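Visitor: Pasting start_38.csv below, which is CSV, C-alpha atoms and all ligand atoms.
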chain,number,residue,atom,x,y,z
A,1,PRO,CA,121.8,79.8,46.2
A,2,ILE,CA,118.1,80.2,47.0
A,3,ARG,CA,116.6,76.8,47.7
A,4,ALA,CA,113.5,77.6,49.6
A,5,CYS,CA,110.7,80.3,49.8
A,6,LEU,CA,108.8,80.8,53.1
A,7,PHE,CA,105.5,82.5,52.9
A,8,ASP,CA,103.5,84.3,55.5
A,9,LEU,CA,99.8,83.6,55.0
A,10,ASP,CA,97.6,86.5,56.0
A,11,GLY,CA,98.4,89.5,53.7
A,12,VAL,CA,100.7,87.6,51.4
A,13,LEU,CA,98.8,84.6,50.0
A,14,VAL,CA,95.2,85.5,51.1
A,15,ASP,CA,93.5,88.6,52.5
A,16,THR,CA,92.3,87.3,55.8
A,17,ALA,CA,93.2,90.6,57.5
A,18,LYS,CA,89.7,91.9,56.6
A,19,TYR,CA,88.1,89.0,58.5
A,20,HIS,CA,90.3,89.5,61.5
A,21,TYR,CA,89.3,93.2,61.3
A,22,LEU,CA,85.6,92.4,61.2
A,23,ALA,CA,85.8,90.1,64.2
A,24,TRP,CA,87.9,92.5,66.3
A,25,LYS,CA,85.7,95.4,65.4
A,26,ARG,CA,82.6,93.4,66.5
A,27,LEU,CA,84.3,92.6,69.8
A,28,ALA,CA,85.3,96.3,70.3
A,29,GLN,CA,81.7,97.4,69.7
A,30,GLU,CA,80.4,94.9,72.2
A,31,LEU,CA,82.9,96.3,74.7
A,32,GLY,CA,81.6,99.8,73.9
A,33,PHE,CA,84.3,101.4,71.8
A,34,ASP,CA,85.2,101.8,68.1
A,35,PHE,CA,88.1,100.0,66.3
A,36,THR,CA,89.2,101.4,63.0
A,37,GLU,CA,91.0,99.9,59.9
A,38,GLN,CA,94.0,102.0,60.9
A,39,ASP,CA,94.0,100.4,64.4
A,40,ASN,CA,93.8,97.0,62.7
A,41,GLU,CA,97.2,97.6,61.0
A,42,ARG,CA,98.8,97.2,64.5
A,43,LEU,CA,97.5,93.6,64.7
A,44,LYS,CA,99.0,92.3,61.5
A,45,GLY,CA,101.3,89.3,62.1
A,46,VAL,CA,100.7,89.7,65.9
A,47,SER,CA,99.4,86.6,67.8
A,48,ARG,CA,95.8,86.4,69.0
A,49,MET,CA,96.4,87.2,72.7
A,50,ALA,CA,98.8,90.0,71.9
A,51,SER,CA,96.3,91.4,69.4
A,52,LEU,CA,93.6,91.4,72.2
A,53,ASP,CA,96.0,93.3,74.5
A,54,ILE,CA,96.5,96.0,71.8
A,55,LEU,CA,92.7,96.2,71.3
A,56,LEU,CA,92.0,96.6,75.0
A,57,GLU,CA,94.7,99.2,75.2
A,58,ILE,CA,93.0,101.2,72.4
A,59,GLY,CA,89.7,100.9,74.3
A,60,GLY,CA,91.3,101.9,77.6
A,61,ILE,CA,90.1,98.7,79.3
A,62,SER,CA,91.9,96.4,81.6
A,63,LEU,CA,90.6,92.9,82.3
A,64,ASP,CA,91.7,89.7,84.2
A,65,ASP,CA,93.3,86.8,82.3
A,66,GLU,CA,90.2,84.6,82.5
A,67,THR,CA,88.0,87.2,80.8
A,68,LYS,CA,90.6,87.9,78.2
A,69,VAL,CA,90.8,84.2,77.2
A,70,ALA,CA,87.0,84.1,76.9
A,71,LEU,CA,87.0,87.3,74.7
A,72,ALA,CA,89.8,85.9,72.5
A,73,GLU,CA,87.7,82.8,72.0
A,74,LYS,CA,84.6,84.8,71.2
A,75,LYS,CA,86.5,86.7,68.5
A,76,ASN,CA,88.0,83.5,67.1
A,77,ASN,CA,84.6,81.9,66.8
A,78,TRP,CA,83.4,84.8,64.7
A,79,TYR,CA,86.6,84.7,62.6
A,80,VAL,CA,86.4,81.0,62.0
A,81,ASP,CA,82.8,81.5,60.9
A,82,TYR,CA,84.0,84.1,58.3
A,83,ILE,CA,86.9,82.0,57.0
A,84,SER,CA,84.7,78.9,56.7
A,85,ARG,CA,83.1,80.6,53.7
A,86,MET,CA,86.4,81.2,51.9
A,87,ASP,CA,87.4,79.6,48.6
A,88,GLU,CA,90.1,79.8,45.8
A,89,SER,CA,88.7,83.2,44.7
A,90,GLU,CA,90.3,84.8,47.8
A,91,ILE,CA,93.8,83.8,46.9
A,92,LEU,CA,95.7,87.1,46.3
A,93,PRO,CA,96.7,88.0,42.7
A,94,GLY,CA,99.9,86.3,41.5
A,95,ALA,CA,100.2,84.0,44.5
A,96,LEU,CA,99.0,80.8,42.8
A,97,SER,CA,101.0,81.1,39.6
A,98,PHE,CA,104.2,82.0,41.6
A,99,LEU,CA,103.7,78.9,43.8
A,100,GLN,CA,103.2,76.8,40.7
A,101,GLU,CA,106.3,78.2,39.1
A,102,LEU,CA,108.4,77.6,42.3
A,103,LYS,CA,107.3,74.0,42.3
A,104,SER,CA,108.4,73.4,38.7
A,105,ALA,CA,111.7,75.3,39.3
A,106,GLY,CA,112.4,72.8,42.2
A,107,ILE,CA,112.4,75.5,44.9
A,108,LEU,CA,111.0,74.3,48.2
A,109,VAL,CA,108.0,76.1,49.7
A,110,ALA,CA,107.0,76.4,53.4
A,111,LEU,CA,104.3,78.3,55.3
A,112,GLY,CA,105.4,80.5,58.2
A,113,SER,CA,102.3,81.9,59.8
A,114,ALA,CA,101.3,82.9,63.4
A,115,SER,CA,97.8,81.8,62.8
A,116,LYS,CA,96.3,78.8,64.6
A,117,ASN,CA,93.7,78.7,61.8
A,118,ALA,CA,96.2,78.4,58.9
A,119,MET,CA,95.2,74.8,58.0
A,120,LYS,CA,91.5,75.7,57.6
A,121,ILE,CA,92.4,78.6,55.3
A,122,LEU,CA,94.8,76.4,53.2
A,123,ASN,CA,92.2,73.7,52.9
A,124,ASN,CA,89.4,76.0,51.9
A,125,THR,CA,91.6,77.7,49.2
A,126,HIS,CA,93.1,74.4,48.0
A,127,LEU,CA,96.6,75.6,48.6
A,128,VAL,CA,97.8,72.6,50.7
A,129,PRO,CA,99.5,70.7,47.8
A,130,TYR,CA,101.9,73.6,47.1
A,131,PHE,CA,103.7,73.3,50.5
A,132,ASP,CA,106.6,71.1,51.4
A,133,ALA,CA,106.3,72.2,55.1
A,134,ILE,CA,103.6,74.0,57.0
A,135,ILE,CA,104.6,75.9,60.2
A,136,ASP,CA,101.7,77.7,61.9
A,137,GLY,CA,100.5,79.0,65.3
A,138,THR,CA,99.8,75.4,66.5
A,139,LYS,CA,103.5,74.5,66.1
A,140,THR,CA,105.0,77.5,67.9
A,141,ALA,CA,103.7,80.0,70.4
A,142,SER,CA,106.5,82.5,69.8
A,143,ALA,CA,105.1,85.2,67.7
A,144,LYS,CA,107.0,87.2,65.1
A,145,PRO,CA,109.4,89.1,65.3
A,146,ASP,CA,110.7,85.9,67.0
A,147,PRO,CA,112.4,84.0,64.2
A,148,LYS,CA,111.2,80.6,65.4
A,149,VAL,CA,108.4,80.1,62.9
A,150,PHE,CA,110.8,80.6,60.0
A,151,LEU,CA,113.7,78.6,61.6
A,152,LEU,CA,111.3,75.6,62.1
A,153,GLY,CA,110.4,75.9,58.4
A,154,ALA,CA,114.0,75.8,57.3
A,155,LYS,CA,114.6,72.8,59.6
A,156,GLU,CA,111.6,70.9,58.3
A,157,LEU,CA,112.8,71.5,54.7
A,158,ASN,CA,116.3,70.6,55.6
A,159,VAL,CA,117.8,73.8,54.2
A,160,ASP,CA,120.1,76.4,55.6
A,161,PRO,CA,118.5,79.8,56.7
A,162,VAL,CA,120.8,81.7,54.2
A,163,GLU,CA,119.3,79.7,51.4
A,164,CYS,CA,115.7,80.9,52.3
A,165,VAL,CA,113.7,83.9,51.2
A,166,VAL,CA,110.8,85.0,53.3
A,167,PHE,CA,107.7,86.8,51.9
A,168,GLU,CA,106.1,89.0,54.4
A,169,ASP,CA,103.5,91.9,54.6
A,170,ALA,CA,104.2,92.8,58.3
A,171,GLU,CA,107.2,94.7,59.7
A,172,ALA,CA,107.4,92.2,62.5
A,173,GLY,CA,107.7,89.4,59.9
A,174,ILE,CA,110.6,91.1,58.1
A,175,GLU,CA,112.3,91.5,61.5
A,176,ALA,CA,111.8,87.8,62.2
A,177,ALA,CA,113.3,86.9,58.8
A,178,ILE,CA,116.4,89.1,59.5
A,179,ARG,CA,116.8,87.5,63.0
A,180,ALA,CA,116.5,84.1,61.3
A,181,GLY,CA,119.5,85.0,59.0
A,182,MET,CA,117.2,84.8,56.0
A,183,ARG,CA,116.7,87.0,52.9
A,184,SER,CA,113.3,88.7,52.7
A,185,ILE,CA,110.9,90.3,50.2
A,186,GLY,CA,108.3,92.6,51.6
A,187,VAL,CA,104.8,92.4,50.0
A,188,GLY,CA,103.1,95.8,50.4
A,189,SER,CA,104.4,99.3,51.2
A,190,ARG,CA,108.0,100.3,50.8
A,191,THR,CA,107.8,102.6,53.8
A,192,THR,CA,106.7,100.0,56.4
A,193,LEU,CA,108.8,97.2,54.9
A,194,ALA,CA,112.0,99.2,54.3
A,195,ARG,CA,114.2,96.6,56.0
A,196,ALA,CA,113.4,93.9,53.5
A,197,ASP,CA,115.9,93.1,50.7
A,198,GLU,CA,113.3,94.0,48.2
A,199,VAL,CA,109.7,95.2,48.2
A,200,VAL,CA,107.0,94.3,45.7
A,201,SER,CA,103.4,95.6,45.8
A,202,SER,CA,102.0,92.1,45.2
A,203,LEU,CA,103.1,88.6,44.2
A,204,GLN,CA,102.0,89.5,40.7
A,205,GLU,CA,105.5,91.1,40.4
A,206,MET,CA,107.2,87.9,41.3
A,207,SER,CA,108.6,85.1,39.2
A,208,ALA,CA,111.5,82.5,39.6
A,209,GLN,CA,113.5,84.8,37.3
A,210,ARG,CA,113.0,87.8,39.5
A,211,LEU,CA,114.1,85.8,42.5
A,212,TYR,CA,117.3,84.9,40.6
A,213,ASP,CA,117.8,88.5,39.5
A,214,ILE,CA,117.6,89.7,43.1
A,215,PHE,CA,119.5,87.0,44.9
A,216,GLY,CA,121.6,85.3,42.2
A,217,THR,CA,121.1,81.7,41.0
B,1,LIG,P1,94.8,83.3,64.7
B,1,LIG,P2,100.1,85.7,59.6
B,1,LIG,C1,98.5,86.3,61.7
B,1,LIG,O1,98.7,85.6,60.5
B,1,LIG,C2,97.7,87.6,61.5
B,1,LIG,O2,98.3,88.5,60.6
B,1,LIG,C3,97.3,88.2,62.8
B,1,LIG,O3,96.5,89.3,62.6
B,1,LIG,C4,96.6,87.2,63.7
B,1,LIG,O4,96.3,87.7,64.9
B,1,LIG,C5,97.6,86.0,63.9
B,1,LIG,O5,97.9,85.4,62.6
B,1,LIG,C6,97.0,84.9,64.7
B,1,LIG,O6,95.9,84.3,64.1
B,1,LIG,O7,94.0,84.1,65.7
B,1,LIG,O8,94.0,82.8,63.5
B,1,LIG,O9,95.6,82.2,65.4
B,1,LIG,O10,100.2,87.0,59.0
B,1,LIG,O11,101.2,85.3,60.5
B,1,LIG,O12,99.8,84.6,58.6
B,2,MG,MG,100.9,88.6,57.4
Translate this file's structure into structure tokens.
Ligand code: B16
Ligand code: MG

Guide:
Amino acid sequence: PIRACLFDLDGVLVDTAKYHYLAWKRLAQELGFDFTEQDNERLKGVSRMASLDILLEIGGISLDDETKVALAEKKNNWYVDYISRMDESEILPGALSFLQELKSAGILVALGSASKNAMKILNNTHLVPYFDAIIDGTKTASAKPDPKVFLLGAKELNVDPVECVVFEDAEAGIEAAIRAGMRSIGVGSRTTLARADEVVSSLQEMSAQRLYDIFGT
């Protein structure tokens, strides 16, 4: 039976990808090259330092570690400034009602995000009360597709990985769910998330009933 749902944050519950994009683009421009929305797709679900490496590769720039740490911090300060202005209105369609429904159905809920800023975002959008466990980038350094972030969630909820369903918008996140031995539902495009057990275009398509229809009760 399905006993827990594990949610990715960026791209599933809130659209913070646009703020990551604005901050990375600003950094790229400072470094003298352009960074497109299409380039930004490569950074989804990827950790901050790994994202910077991809950005620098796009710009054809190589830098020492000290400079890279300083640039990542600069980007993060801009990003934190953008998300400090977020509120409930930025919760993606269908997310809140699905979280509420899971709570009344007695299904446990955890966050599994690579972001070190996850708590700020959950606080600003008032989503904290919906979570029985919160695993974010401050609890593990291993980025998806490493399954660690989801395995820690299952452990904290005290449920078996096979009883968990992961909701993810990134290919690396679906891969992490598979490696964790969990079921998965992709949120987004069927082509990129083909390896998920099921794909929905947004959480508006989800309900406890749909979960039971897909995975059984
Ligand atoms: P931070 P998720 C990920 O969040 C983002 O998709 C990714 O673009 C970002 O680089 C990563 O968090 C780290 O975020 O710089 O805030 O620590 O999709 O795993 O919720
Ligand atoms: Mg994501």

Visitor: Please identify all polymer residues within 7 Å of Val166 (chain A), counting all atoms listed in the file, omitting same-chain residues fewer than 5 positions from it, and present them as a CSV table (one decimal) with C-alpha atoms, in the coordinates of the input.

Guide:
chain,number,residue,atom,x,y,z
A,5,CYS,CA,110.7,80.3,49.8
A,6,LEU,CA,108.8,80.8,53.1
A,7,PHE,CA,105.5,82.5,52.9
A,177,ALA,CA,113.3,86.9,58.8
A,182,MET,CA,117.2,84.8,56.0
A,183,ARG,CA,116.7,87.0,52.9
A,184,SER,CA,113.3,88.7,52.7
A,185,ILE,CA,110.9,90.3,50.2

Visitor: Quick one: of A:Leu56, A:Met119, A:Ala114, A:Ala50, who's nearest to Val80 (chain A), counting all atoms listed in the file?

Guide: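 Ranked by minimum distance to Val80 (chain A), first place goes to A:Met119.
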
Visitor: Between A:Ile91, A:Leu96, A:Ala70, A:Ile121, which is the closest to ligand LIG 1 (chain B) once you count all atoms listed in the file?

Guide: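 Residue with the minimum atom-to-atom distance to ligand LIG 1 (chain B): A:Ile121.
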
Visitor: Got a sec: who's within 8 Å of Ser202 (chain A), counting only C-alpha atoms, leaving out chain neighbours fewer than 3 positions off, as a PyMOL selection string?

Guide: chain A and resi 12+93-94+187-188+205-206

Visitor: Could those selected residues go to a file with C-alpha atoms, as a short mmCIF file (atom, residue, chain, number, x, y, z; two decimals), in the coordinates of the input?

Guide:
data_model
loop_
_atom_site.label_atom_id
_atom_site.label_comp_id
_atom_site.auth_asym_id
_atom_site.auth_seq_id
_atom_site.Cartn_x
_atom_site.Cartn_y
_atom_site.Cartn_z
CA VAL A 12 100.70 87.60 51.40
CA PRO A 93 96.70 88.00 42.70
CA GLY A 94 99.90 86.30 41.50
CA VAL A 187 104.80 92.40 50.00
CA GLY A 188 103.10 95.80 50.40
CA GLU A 205 105.50 91.10 40.40
CA MET A 206 107.20 87.90 41.30
#

Visitor: Smallest atom-to-atom distance to ligand MG 2 (chain B): which of A:Thr140, A:Ser89, A:Ser113, A:Asn77, using only C-alpha atoms and all ligand atoms?

Guide: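 Using only C-alpha atoms and all ligand atoms, the shortest distance to ligand MG 2 (chain B) belongs to A:Ser113.
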
Visitor: Under the rule that all atoms listed in the file are counted, which of A:Pro145, A:Pro1, A:Thr125, A:Asp136 is the nearest residue to Ser84 (chain A)?

Guide: A:Thr125

Visitor: Any idea what's packed within 10 Å of Asp39 (chain A), counting all atoms listed in the file, ignoring anything in its chain fewer than 6 positions away? Could you give it as a PyMOL selection string?

Guide: chain A and resi 21+25+54-55+58

Visitor: Mind dumping a table of every chain A residue within 6 Å of ligand LIG 1 (chain B), with the nearest atom pair and its distance in Å to one decimal, using all atoms listed in the file, sorted by chain and rising number, as CSV?

Guide:
residue,atom,partner,partner_atom,distance
A:Asp8,CA,B:LIG1,O12,4.8
A:Leu9,CA,B:LIG1,O12,3.7
A:Asp10,CA,B:LIG1,O12,3.9
A:Leu43,CA,B:LIG1,O3,4.9
A:Lys44,CA,B:LIG1,O2,4.0
A:Gly45,CA,B:LIG1,O2,3.4
A:Val46,CA,B:LIG1,C3,4.8
A:Ser47,CA,B:LIG1,C6,4.3
A:Arg48,CA,B:LIG1,O4,4.3
A:Ser51,CA,B:LIG1,O4,5.8
A:Ser113,CA,B:LIG1,O11,3.6
A:Ala114,CA,B:LIG1,O11,3.8
A:Ser115,CA,B:LIG1,O6,3.4
A:Lys116,CA,B:LIG1,O9,3.6
A:Asn117,CA,B:LIG1,O8,4.4
A:Gly137,CA,B:LIG1,O9,5.9

Visitor: One number please: CA of Gly32 (chain A) to CA of Tyr82 (chain A), in Å, one decimal.

Guide: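 Going from CA of Gly32 (chain A) over to CA of Tyr82 (chain A) covers 22.3 Å.
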
Visitor: For a test of reading the model, state the distance in Å between CA of Ile134 (chain A) and CA of Glu156 (chain A), rounded to one decimal.

Guide: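 For CA of Ile134 (chain A) relative to CA of Glu156 (chain A), the distance reads 8.7 Å.
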
Visitor: When distances are computed from only C-alpha atoms, which of A:Ala95, A:Ala141, A:Ile178, A:Ile61 shows the smallest separation from Gln204 (chain A)?

Guide: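 Counting only C-alpha atoms, the residue closest to Gln204 (chain A) is A:Ala95.
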
Visitor: One decimal, Å: what's the distance from CA of Glu168 (chain A) over to CA of Gly11 (chain A), could you say?

Guide: 7.7 Å

Visitor: Please determine, counting all atoms listed in the file, which residue among A:Ala17, A:Ala208, A:Ile174, A:Ala180 has the shortest atom-to-atom distance to Arg42 (chain A).

Guide: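 Among A:Ala17, A:Ala208, A:Ile174, A:Ala180, it is A:Ala17 that comes nearest to Arg42 (chain A).
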
Visitor: Need the shell around Asn76 (chain A): protein/DNA/RNA residues with any atom at most 9 Å away, counting all atoms listed in the file. Skip same-chain ones fewer than 4 positions apart. Format as a PyMOL selection string?

Guide: chain A and resi 20+23+48+71-72+80-81

Visitor: Taking 5 positions as the minimum chain separation for residues in the same chain, which residues sit within 12 Å of region 65-67 of chain A when counting all atoms listed in the file? Answer as an NGL selection string.

Guide: :A and (49 or 52-53 or 56 or 72-74)

Visitor: Please, could you write that set of residues out with C-alpha atoms as an mmCIF file, in the frame of the given file?

Guide:
data_model
loop_
_atom_site.group_PDB
_atom_site.id
_atom_site.type_symbol
_atom_site.label_atom_id
_atom_site.label_comp_id
_atom_site.auth_asym_id
_atom_site.auth_seq_id
_atom_site.Cartn_x
_atom_site.Cartn_y
_atom_site.Cartn_z
ATOM 1 C CA MET A 49 96.400 87.200 72.700
ATOM 2 C CA LEU A 52 93.600 91.400 72.200
ATOM 3 C CA ASP A 53 96.000 93.300 74.500
ATOM 4 C CA LEU A 56 92.000 96.600 75.000
ATOM 5 C CA ALA A 72 89.800 85.900 72.500
ATOM 6 C CA GLU A 73 87.700 82.800 72.000
ATOM 7 C CA LYS A 74 84.600 84.800 71.200
#

Visitor: Would you mind listing, for every residue of region 78-176 of chain A within 10 Å of region 189-192 of chain A, the two atoms forming the shortest contact and the distance between them in Å to one decimal, using all atoms listed in the file, sorted by chain and ascending residue number, as CSV?

Guide:
residue,atom,partner,partner_atom,distance
A:Asp169,CA,A:Ser189,CA,8.2
A:Ala170,CA,A:Thr192,CA,7.9
A:Glu171,CA,A:Thr192,CA,6.3
A:Ala172,CA,A:Thr192,CA,9.9
A:Ile174,CA,A:Thr192,CA,9.9
